[in-house]
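Notes follow once the structure below has been shown.
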Amino acid sequence: FHSDPGEGNKRMTLNAASPTRRQLLAGTASLAMMGLAPGAMAATGGDNTAKAQAFLDQLTDRILAWYPENATQLGIDKDRHAGLRAMLGDRSLAGIEAQRGVVKEQLAAVKALDRTGLSAEMQANLEVAQATLELSAKGHGFRFGDMALLNQSYSYRNSPYAVAQNVGAFVEVPDFLTSQHKIETREDADSYLSRLTQYATALEAETERLRVDGGQGYILPDFLLDKAIGQFTGVASSPVADWELVKHFEAGAKQVGYAKPGEAISIINDKVLPALKRQQAVMEQQRQGARSDAGVWALPQGADYYAWALSAATTTSLSPDEVHAMGLEQLKMLQARMEPLLRAQGLTQGTVGDRMAALGKDPKYLWPNDDKGRADLLSYINERVDDIRTRMPQAFTVLVPGKLVVKRVPVAIEAGAPGGYASAGSMDGSQPGSYYINLRDTSIWPRHALPTLSYHEGIPGHIWQGEYSYKLPLIRTLLAYSAYTEGWALYAEQLADELGVYKDDPIGQLGYLQSMAFRACRLVVDTGIHAKRWTRQQAIDWFVTNNGSTAAQVSREVDRYCSWPGQACAYKIGHTAINRVRDDLKARLGGTYDFRRFNDALVMTGNVPLSRLGALVEGRLLV
């Protein structure tokens, strides 16, 4: 990030089209939220609880104003937040600088609060807010890339790059508009077009950041630039009428009787497509002198940045060497559990990785890489989701609906997208959560890999846990810790095993253990790339050899680690911390320990730093 907004942003603002009345109203609502002054808390009087609540309300409004897309995703872009429905977040240098100043101010404010007499819940809310602001303030100290901790939808993926194959408006905005922005009224159509116009503005803002960052040495590695440029080329070369952005709008416009359904095509042709091409041109220019080094160690301030990214992802002070050693140790333990299962299948020769690789290539466990194969694969996932849903009363006394839709990753972005990921549903339940699976190449998904992935992303993983978070104050939904959410999702995989889903499926259990080993490998590979100066190929080869994953799957994974430093370490570190808390409480509570009530307490505690997880879960469990 940078403190100087630059002439490009000034010029972009002056050349913007005249805003509609709805855009003006939305802007006014956002500015009102952003303009809340520290003195607003003093007006609540001397009561510590009232002051604390006023602070949290103020922080909530600021975060929603910074990232209006989250209000739509959560289904709260109405009433006093209605203006946010027509807006996208400000991705400009000036917007980032404004956030940097407010974060510093808010951190000082939360530290100054008198917490005497506050309830345990309020204390926890303030602890979470302060920890997030502290990590964010440190992240804002690096004036490059994208510090995403305060953006609920992308808080997991901090990046030293403003745009990458999986970072930036060109990846995030189309997916958001087509999957989250419903068009059920003519006003919704107006809001969509407003956001479509702002999509071009967001692209221009990030293009300026690419230029400024590049001038200081922060340029994507050449192999990631090649991937991103390929994605741009694919989008720009397809007819605009075939874009999902257009299809989604025109289908909604027809449904609500919108008078000018062709406006989306006009906005894309006049604004979005030129902005996309300008961004691609900058990336192509940067490609000419780009390095091949995969890790952030090769960037200015690279070691310091990685230390921060690792702490932000794991909410620990573990060093890269400690994380690396943890990964090797856990991989060894997991493969020891896999050994007898492999032998029982007659797989006795070679390393565990070799044998899992052979299992993954067995045609009887694969789907054809065609439309029917993809459809059958999706049906299989839905069967696994339906089955695990029936088992939830065995693991929880407090249940949520777990509204979930399984979707294919959009074809336009699947080359740079993860293998599988989840997108939260709305707080009121009207919009179900989405579990996306990348079907670009079905050979990376042998049958035994899919159940555990589905438990991770769907039920009782991310979608399930997300619905519990909606029972917490809104600020706690907005402030997410990757180590907790990803640790929970791995714990969800473990719960499925404990609930007996693999009782008659040893191959499926091997897939589960390989999945756990995969996350242990991530600890080794992420630190290898960013701290030990591994090359991209070295990381791929080590991963394939030690876990038996396909080169195609691992290549995409390694590219993800290169652009999201530290993020891959959140999973196993969070999972390990959760089990440590469970084992400790089980030992101390003895006969009074209850499996279901522990799971309730864990999921209802919500997103917290790992350093506070044990105390907060115990406090809730013993109430």
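Chain identifiers are assigned as A, B, and so on, following the order in which chains appear in the structure tokens; residues are numbered from 1 within each chain, and ligands are numbered from 1 in order of appearance.
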
Next on the checklist: I want to know what sits within 10 Å of Glu339 (chain A), based on only C-alpha atoms, with residues of the same chain fewer than 2 positions away left out; could you give that as a PyMOL selection string?
Outcome noted: chain A and resi 334-337+341-344+347-348+351-352+355+510

Output the selection as a short mmCIF file (atom, residue, chain, number, x, y, z; two decimals), in the first residue's frame - C-alpha atoms for each residue.
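Just written: out-v5.cif:
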```
data_model
loop_
_atom_site.label_atom_id
_atom_site.label_comp_id
_atom_site.auth_asym_id
_atom_site.auth_seq_id
_atom_site.Cartn_x
_atom_site.Cartn_y
_atom_site.Cartn_z
CA LEU A 334 -0.52 -39.16 9.78
CA GLN A 335 1.29 -41.42 7.35
CA ALA A 336 1.84 -43.91 10.17
CA ARG A 337 -1.98 -44.13 10.45
CA LEU A 341 -5.02 -49.07 5.72
CA LEU A 342 -2.92 -49.14 2.56
CA ARG A 343 -1.57 -52.60 3.36
CA ALA A 344 -5.11 -53.88 3.88
CA LEU A 347 -0.81 -51.59 -1.52
CA THR A 348 2.50 -52.53 0.08
CA THR A 351 6.24 -44.75 0.00
CA VAL A 352 2.86 -43.69 1.32
CA ARG A 355 0.78 -45.62 -3.05
CA LEU A 510 -7.52 -42.94 3.40
#
```

Next on the checklist: So that I can check the surroundings of Met283 (chain A), please list as a ChimeraX atom specification every protein, DNA and RNA residue that reaches within 10 Å of it, counting only C-alpha atoms and ignoring chain neighbours fewer than 3 positions away.
Outcome noted: /A:163-164,207,210-211,214,219-220,222,225-226,228-229,232,277-280,286-288,290

Item to check | region 568-578 of chain A environment, 10 Å, only C-alpha atoms, sequence neighbours closer than 6 positions dropped, as number ranges by chain | outcome: A: 156-157, 310-316, 318, 320, 323-324, 326-327, 330, 481-492, 494, 516-527, 557-558, 560-561, 584, 602, 609-611, 613-614, 617

Atoms to include: C-alpha atoms. Write the selected residues as an mmCIF file, in the first residue's frame.
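Below you can see selection-v4.cif, which holds the result:
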```
data_model
loop_
_atom_site.group_PDB
_atom_site.id
_atom_site.type_symbol
_atom_site.label_atom_id
_atom_site.label_comp_id
_atom_site.auth_asym_id
_atom_site.auth_seq_id
_atom_site.Cartn_x
_atom_site.Cartn_y
_atom_site.Cartn_z
ATOM 1 C CA TYR A 156 -7.926 -15.058 4.936
ATOM 2 C CA ARG A 157 -5.955 -13.947 1.882
ATOM 3 C CA LEU A 310 2.232 -15.845 9.110
ATOM 4 C CA SER A 311 1.122 -14.242 12.369
ATOM 5 C CA ALA A 312 -2.024 -12.831 10.726
ATOM 6 C CA ALA A 313 -2.950 -16.249 9.320
ATOM 7 C CA THR A 314 -2.230 -18.289 12.455
ATOM 8 C CA THR A 315 -2.732 -15.731 15.287
ATOM 9 C CA THR A 316 0.430 -17.172 16.828
ATOM 10 C CA LEU A 318 5.404 -19.279 15.642
ATOM 11 C CA PRO A 320 8.782 -20.170 9.958
ATOM 12 C CA VAL A 323 5.971 -24.155 11.485
ATOM 13 C CA HIS A 324 8.157 -26.082 9.036
ATOM 14 C CA MET A 326 5.536 -28.977 12.880
ATOM 15 C CA GLY A 327 4.508 -29.874 9.350
ATOM 16 C CA GLN A 330 2.531 -34.184 11.742
ATOM 17 C CA TYR A 481 -9.723 -15.398 11.904
ATOM 18 C CA SER A 482 -8.483 -17.882 9.347
ATOM 19 C CA ALA A 483 -6.806 -20.052 11.995
ATOM 20 C CA TYR A 484 -10.170 -20.520 13.728
ATOM 21 C CA THR A 485 -12.340 -20.947 10.631
ATOM 22 C CA GLU A 486 -9.918 -23.241 8.813
ATOM 23 C CA GLY A 487 -9.026 -25.040 12.033
ATOM 24 C CA TRP A 488 -12.748 -25.605 12.547
ATOM 25 C CA ALA A 489 -13.141 -26.902 8.989
ATOM 26 C CA LEU A 490 -10.380 -29.481 9.550
ATOM 27 C CA TYR A 491 -11.988 -30.367 12.869
ATOM 28 C CA ALA A 492 -15.217 -30.847 10.889
ATOM 29 C CA GLN A 494 -12.308 -35.136 11.953
ATOM 30 C CA MET A 516 -5.049 -34.065 6.798
ATOM 31 C CA ALA A 517 -1.571 -34.899 5.531
ATOM 32 C CA PHE A 518 -2.129 -32.430 2.698
ATOM 33 C CA ARG A 519 -2.557 -29.659 5.306
ATOM 34 C CA ALA A 520 0.580 -30.816 7.132
ATOM 35 C CA CYS A 521 2.426 -30.582 3.817
ATOM 36 C CA ARG A 522 1.169 -27.019 3.470
ATOM 37 C CA LEU A 523 3.087 -26.033 6.605
ATOM 38 C CA VAL A 524 6.266 -27.374 5.044
ATOM 39 C CA VAL A 525 5.729 -25.982 1.555
ATOM 40 C CA ASP A 526 4.516 -22.485 2.502
ATOM 41 C CA THR A 527 7.483 -21.910 4.792
ATOM 42 C CA GLU A 557 -1.954 -25.088 -4.744
ATOM 43 C CA VAL A 558 1.650 -23.906 -4.871
ATOM 44 C CA ARG A 560 -1.919 -20.033 -4.438
ATOM 45 C CA TYR A 561 0.690 -20.119 -1.662
ATOM 46 C CA ASP A 584 -7.099 -30.508 27.914
ATOM 47 C CA LEU A 602 -16.460 -24.496 20.312
ATOM 48 C CA PRO A 609 -7.383 -15.698 18.200
ATOM 49 C CA LEU A 610 -5.909 -19.099 19.053
ATOM 50 C CA SER A 611 -4.246 -17.613 22.135
ATOM 51 C CA LEU A 613 -9.529 -20.066 22.296
ATOM 52 C CA GLY A 614 -9.131 -22.342 25.322
ATOM 53 C CA VAL A 617 -14.455 -22.179 25.045
#
```

Checklist entry - For Asp90 (chain A), which residue among A:Met356, A:Val171, A:Ala202, A:Ala50 is the nearest when counting only C-alpha atoms? => result A:Ala202

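Using only C-alpha atoms, the smallest distance between any of A:Lys138, A:Lys503, A:Arg597, A:His462 and Val103 (chain A) comes from A:Lys138.
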
Item to check | Exercise: region 406-417 of chain A partners within 6 Å, only C-alpha atoms, chain neighbours under 4 positions left out, as an MDAnalysis selection string | outcome: chainID A and resid 165:166 434:438

Could you write out the selected residues, including N, CA, C and O atoms, as a compact mmCIF listing (two decimals), in the first residue's frame?
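For reference, selection-v6.txt as written:
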```txt
# COMPACT_ATOMS: atom_id res chain seq x y z
N GLN A 165 -3.41 -13.90 -9.89
CA GLN A 165 -4.36 -14.81 -10.54
C GLN A 165 -5.56 -15.10 -9.66
O GLN A 165 -6.60 -15.55 -10.15
N ASN A 166 -5.45 -14.84 -8.35
CA ASN A 166 -6.55 -15.08 -7.43
C ASN A 166 -6.78 -13.91 -6.48
O ASN A 166 -7.35 -14.07 -5.41
N SER A 434 -22.76 -21.30 -0.31
CA SER A 434 -22.33 -21.97 -1.55
C SER A 434 -21.03 -22.73 -1.29
O SER A 434 -20.10 -22.20 -0.68
N TYR A 435 -20.99 -23.96 -1.75
CA TYR A 435 -19.77 -24.77 -1.71
C TYR A 435 -19.33 -24.94 -3.16
O TYR A 435 -20.00 -25.60 -3.94
N TYR A 436 -18.22 -24.30 -3.50
CA TYR A 436 -17.72 -24.32 -4.87
C TYR A 436 -16.65 -25.40 -5.03
O TYR A 436 -15.76 -25.54 -4.18
N ILE A 437 -16.72 -26.13 -6.13
CA ILE A 437 -15.68 -27.11 -6.44
C ILE A 437 -15.17 -26.86 -7.85
O ILE A 437 -15.95 -26.61 -8.78
N ASN A 438 -13.86 -26.88 -7.98
CA ASN A 438 -13.21 -26.59 -9.25
C ASN A 438 -13.20 -27.85 -10.12
O ASN A 438 -12.56 -28.85 -9.78
```

Item to check | Nearest candidate to Val212 (chain A) (options A:Gly139, A:Gly75, A:Gly145, A:Pro68; using only C-alpha atoms) | outcome: A:Gly145

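Distance check against Ala552 (chain A) using only C-alpha atoms: of A:Ala294, A:Met427, A:Ile444, A:Ala307, the minimum falls on A:Ile444.
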
Next on the checklist: Taking only region 372-529 of chain A into account, list the residues labelled strand (DSSP E) by DSSP (computed from the backbone), as a ChimeraX atom specification.
Outcome noted: /A:404-408,420-423,433-437

Store the residues picked out above in a file with N, CA, C and O atoms, as a tab-separated table (two decimals), in the first residue's frame.
```tsv
chain	number	residue	atom	x	y	z
A	404	LEU	N	-27.29	-24.97	2.11
A	404	LEU	CA	-26.10	-25.16	1.29
A	404	LEU	C	-26.47	-25.53	-0.14
A	404	LEU	O	-27.36	-26.36	-0.37
A	405	VAL	N	-25.75	-24.92	-1.11
A	405	VAL	CA	-25.87	-25.28	-2.51
A	405	VAL	C	-24.47	-25.60	-3.03
A	405	VAL	O	-23.52	-24.85	-2.79
A	406	VAL	N	-24.32	-26.73	-3.70
A	406	VAL	CA	-23.04	-27.12	-4.28
A	406	VAL	C	-22.97	-26.58	-5.70
A	406	VAL	O	-23.88	-26.78	-6.50
A	407	LYS	N	-21.88	-25.87	-6.02
A	407	LYS	CA	-21.73	-25.24	-7.33
A	407	LYS	C	-20.36	-25.51	-7.93
A	407	LYS	O	-19.38	-25.68	-7.21
A	408	ARG	N	-20.32	-25.48	-9.23
A	408	ARG	CA	-19.03	-25.51	-9.93
A	408	ARG	C	-18.40	-24.12	-9.88
A	408	ARG	O	-19.10	-23.11	-10.02
A	420	GLY	N	-11.42	-26.14	-3.96
A	420	GLY	CA	-12.75	-26.05	-3.38
A	420	GLY	C	-12.78	-24.93	-2.37
A	420	GLY	O	-11.78	-24.66	-1.70
A	421	TYR	N	-13.90	-24.26	-2.25
A	421	TYR	CA	-14.03	-23.20	-1.26
A	421	TYR	C	-15.50	-22.92	-1.00
A	421	TYR	O	-16.38	-23.36	-1.75
A	422	ALA	N	-15.75	-22.20	0.09
A	422	ALA	CA	-17.13	-21.92	0.50
A	422	ALA	C	-17.39	-20.43	0.49
A	422	ALA	O	-16.49	-19.62	0.71
A	423	SER	N	-18.65	-20.07	0.25
A	423	SER	CA	-19.10	-18.69	0.33
A	423	SER	C	-20.33	-18.66	1.23
A	423	SER	O	-21.27	-19.42	1.01
A	433	GLY	N	-25.68	-20.81	1.75
A	433	GLY	CA	-24.25	-20.81	1.53
A	433	GLY	C	-23.91	-21.59	0.26
A	433	GLY	O	-24.69	-22.44	-0.19
A	434	SER	N	-22.76	-21.30	-0.31
A	434	SER	CA	-22.33	-21.97	-1.55
A	434	SER	C	-21.03	-22.73	-1.29
A	434	SER	O	-20.10	-22.20	-0.68
A	435	TYR	N	-20.99	-23.96	-1.75
A	435	TYR	CA	-19.77	-24.77	-1.71
A	435	TYR	C	-19.33	-24.94	-3.16
A	435	TYR	O	-20.00	-25.60	-3.94
A	436	TYR	N	-18.22	-24.30	-3.50
A	436	TYR	CA	-17.72	-24.32	-4.87
A	436	TYR	C	-16.65	-25.40	-5.03
A	436	TYR	O	-15.76	-25.54	-4.18
A	437	ILE	N	-16.72	-26.13	-6.13
A	437	ILE	CA	-15.68	-27.11	-6.44
A	437	ILE	C	-15.17	-26.86	-7.85
A	437	ILE	O	-15.95	-26.61	-8.78
```

Mind checking which residues fall within 10 Å of Ile381 (chain A), counting only C-alpha atoms, ignoring those fewer than 6 positions away in the same chain, and posting them as a CSV table (one decimal) with all heavy atoms, in the first residue's frame?
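Below you can see around24.csv, which holds the result:
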```
chain,number,residue,atom,x,y,z
A,387,ASP,N,-26.0,-37.2,3.6
A,387,ASP,CA,-25.8,-38.2,4.6
A,387,ASP,C,-25.2,-37.6,5.9
A,387,ASP,O,-25.7,-37.9,7.0
A,387,ASP,CB,-24.7,-39.2,4.1
A,387,ASP,CG,-24.3,-40.2,5.2
A,387,ASP,OD1,-25.0,-41.1,5.6
A,387,ASP,OD2,-23.1,-40.0,5.7
A,406,VAL,N,-24.3,-26.7,-3.7
A,406,VAL,CA,-23.0,-27.1,-4.3
A,406,VAL,C,-23.0,-26.6,-5.7
A,406,VAL,O,-23.9,-26.8,-6.5
A,406,VAL,CB,-22.9,-28.6,-4.3
A,406,VAL,CG1,-21.5,-29.0,-4.9
A,406,VAL,CG2,-23.0,-29.2,-2.9
A,437,ILE,N,-16.7,-26.1,-6.1
A,437,ILE,CA,-15.7,-27.1,-6.4
A,437,ILE,C,-15.2,-26.9,-7.8
A,437,ILE,O,-15.9,-26.6,-8.8
A,437,ILE,CB,-16.2,-28.5,-6.3
A,437,ILE,CG1,-15.0,-29.5,-6.5
A,437,ILE,CG2,-17.4,-28.9,-7.2
A,437,ILE,CD1,-15.3,-30.9,-5.9
A,447,ARG,N,-12.6,-40.4,-6.1
A,447,ARG,CA,-13.8,-40.5,-5.3
A,447,ARG,C,-13.4,-40.3,-3.8
A,447,ARG,O,-14.2,-39.7,-3.1
A,447,ARG,CB,-14.4,-41.8,-5.6
A,447,ARG,CG,-15.8,-42.0,-4.9
A,447,ARG,CD,-16.4,-43.3,-5.4
A,447,ARG,NE,-16.5,-43.4,-6.8
A,447,ARG,CZ,-17.6,-43.1,-7.5
A,447,ARG,NH1,-18.7,-42.6,-6.9
A,447,ARG,NH2,-17.6,-43.2,-8.8
A,450,LEU,N,-13.3,-36.6,-2.1
A,450,LEU,CA,-14.5,-35.7,-2.1
A,450,LEU,C,-15.3,-35.7,-0.8
A,450,LEU,O,-15.8,-34.6,-0.4
A,450,LEU,CB,-15.4,-36.0,-3.3
A,450,LEU,CG,-14.8,-35.6,-4.7
A,450,LEU,CD1,-15.7,-36.2,-5.8
A,450,LEU,CD2,-14.7,-34.1,-4.8
A,451,PRO,N,-15.5,-36.8,-0.1
A,451,PRO,CA,-16.3,-36.7,1.1
A,451,PRO,C,-15.7,-35.7,2.1
A,451,PRO,O,-16.3,-34.8,2.6
A,451,PRO,CB,-16.3,-38.1,1.6
A,451,PRO,CG,-16.2,-39.0,0.4
A,451,PRO,CD,-15.2,-38.2,-0.5
A,452,THR,N,-14.4,-35.9,2.4
A,452,THR,CA,-13.8,-35.1,3.4
A,452,THR,C,-13.7,-33.6,3.0
A,452,THR,O,-13.8,-32.7,3.8
A,452,THR,CB,-12.3,-35.6,3.7
A,452,THR,OG1,-11.9,-35.0,5.0
A,452,THR,CG2,-11.3,-35.3,2.6
A,453,LEU,N,-13.6,-33.3,1.7
A,453,LEU,CA,-13.6,-32.0,1.2
A,453,LEU,C,-15.0,-31.4,1.4
A,453,LEU,O,-15.1,-30.2,1.8
A,453,LEU,CB,-13.3,-31.9,-0.3
A,453,LEU,CG,-13.4,-30.5,-1.0
A,453,LEU,CD1,-12.3,-29.6,-0.5
A,453,LEU,CD2,-13.4,-30.6,-2.5
A,454,SER,N,-16.0,-32.2,1.2
A,454,SER,CA,-17.4,-31.7,1.4
A,454,SER,C,-17.7,-31.4,2.9
A,454,SER,O,-18.4,-30.5,3.2
A,454,SER,CB,-18.4,-32.7,0.9
A,454,SER,OG,-18.1,-33.0,-0.5
A,455,TYR,N,-17.1,-32.2,3.8
A,455,TYR,CA,-17.3,-31.9,5.2
A,455,TYR,C,-16.6,-30.7,5.6
A,455,TYR,O,-17.0,-29.9,6.5
A,455,TYR,CB,-16.8,-33.1,6.0
A,455,TYR,CG,-17.4,-34.4,5.6
A,455,TYR,CD1,-16.7,-35.6,5.6
A,455,TYR,CD2,-18.8,-34.5,5.2
A,455,TYR,CE1,-17.2,-36.8,5.2
A,455,TYR,CE2,-19.3,-35.8,4.8
A,455,TYR,CZ,-18.5,-36.9,4.8
A,455,TYR,OH,-19.1,-38.1,4.4
```

Please build the interface table for region 130-212 of chain A against region 109-123 of chain A with a cut-off of 12 Å, listing for each qualifying residue the nearest atom pair and the distance in Å to one decimal; count only C-alpha atoms, order rows by chain and increasing number, and write it as a tab-separated table.
```
residue	atom	partner	partner_atom	distance
A:Gln130	CA	A:Val110	CA	6.3
A:Ala131	CA	A:Val110	CA	10.1
A:Thr132	CA	A:Val110	CA	11.1
A:Leu133	CA	A:Val110	CA	9.0
A:Glu134	CA	A:Lys111	CA	10.2
```

Selected residues, all heavy atoms, written as a PDB file, in the first residue's frame, please.
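Output saved as out.pdb:
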```pdb
ATOM      1  N   GLN A 130      -9.837  -5.744  19.210  1.00  0.00           N
ATOM      2  CA  GLN A 130      -8.498  -5.197  19.410  1.00  0.00           C
ATOM      3  C   GLN A 130      -7.446  -6.040  18.694  1.00  0.00           C
ATOM      4  O   GLN A 130      -6.535  -5.498  18.050  1.00  0.00           O
ATOM      5  CB  GLN A 130      -8.167  -5.118  20.905  1.00  0.00           C
ATOM      6  CG  GLN A 130      -6.768  -4.538  21.166  1.00  0.00           C
ATOM      7  CD  GLN A 130      -6.511  -4.268  22.639  1.00  0.00           C
ATOM      8  OE1 GLN A 130      -7.440  -3.995  23.394  1.00  0.00           O
ATOM      9  NE2 GLN A 130      -5.252  -4.333  23.032  1.00  0.00           N
ATOM     10  N   ALA A 131      -7.562  -7.361  18.787  1.00  0.00           N
ATOM     11  CA  ALA A 131      -6.580  -8.222  18.121  1.00  0.00           C
ATOM     12  C   ALA A 131      -6.586  -8.010  16.608  1.00  0.00           C
ATOM     13  O   ALA A 131      -5.531  -7.958  15.967  1.00  0.00           O
ATOM     14  CB  ALA A 131      -6.871  -9.685  18.453  1.00  0.00           C
ATOM     15  N   THR A 132      -7.784  -7.876  16.034  1.00  0.00           N
ATOM     16  CA  THR A 132      -7.880  -7.655  14.592  1.00  0.00           C
ATOM     17  C   THR A 132      -7.298  -6.304  14.204  1.00  0.00           C
ATOM     18  O   THR A 132      -6.592  -6.182  13.194  1.00  0.00           O
ATOM     19  CB  THR A 132      -9.343  -7.743  14.123  1.00  0.00           C
ATOM     20  OG1 THR A 132      -9.915  -8.960  14.578  1.00  0.00           O
ATOM     21  CG2 THR A 132      -9.430  -7.694  12.608  1.00  0.00           C
ATOM     22  N   LEU A 133      -7.588  -5.283  14.980  1.00  0.00           N
ATOM     23  CA  LEU A 133      -7.052  -3.951  14.685  1.00  0.00           C
ATOM     24  C   LEU A 133      -5.538  -3.920  14.831  1.00  0.00           C
ATOM     25  O   LEU A 133      -4.837  -3.258  14.045  1.00  0.00           O
ATOM     26  CB  LEU A 133      -7.701  -2.913  15.604  1.00  0.00           C
ATOM     27  CG  LEU A 133      -9.173  -2.605  15.305  1.00  0.00           C
ATOM     28  CD1 LEU A 133      -9.797  -1.809  16.445  1.00  0.00           C
ATOM     29  CD2 LEU A 133      -9.312  -1.838  13.984  1.00  0.00           C
ATOM     30  N   GLU A 134      -4.996  -4.637  15.823  1.00  0.00           N
ATOM     31  CA  GLU A 134      -3.543  -4.683  15.989  1.00  0.00           C
ATOM     32  C   GLU A 134      -2.872  -5.345  14.785  1.00  0.00           C
ATOM     33  O   GLU A 134      -1.884  -4.822  14.233  1.00  0.00           O
ATOM     34  CB  GLU A 134      -3.184  -5.431  17.273  1.00  0.00           C
ATOM     35  CG  GLU A 134      -3.465  -4.629  18.533  1.00  0.00           C
ATOM     36  CD  GLU A 134      -3.253  -5.427  19.806  1.00  0.00           C
ATOM     37  OE1 GLU A 134      -3.265  -6.682  19.741  1.00  0.00           O
ATOM     38  OE2 GLU A 134      -3.100  -4.801  20.867  1.00  0.00           O
TER      39      GLU A 134
END
```
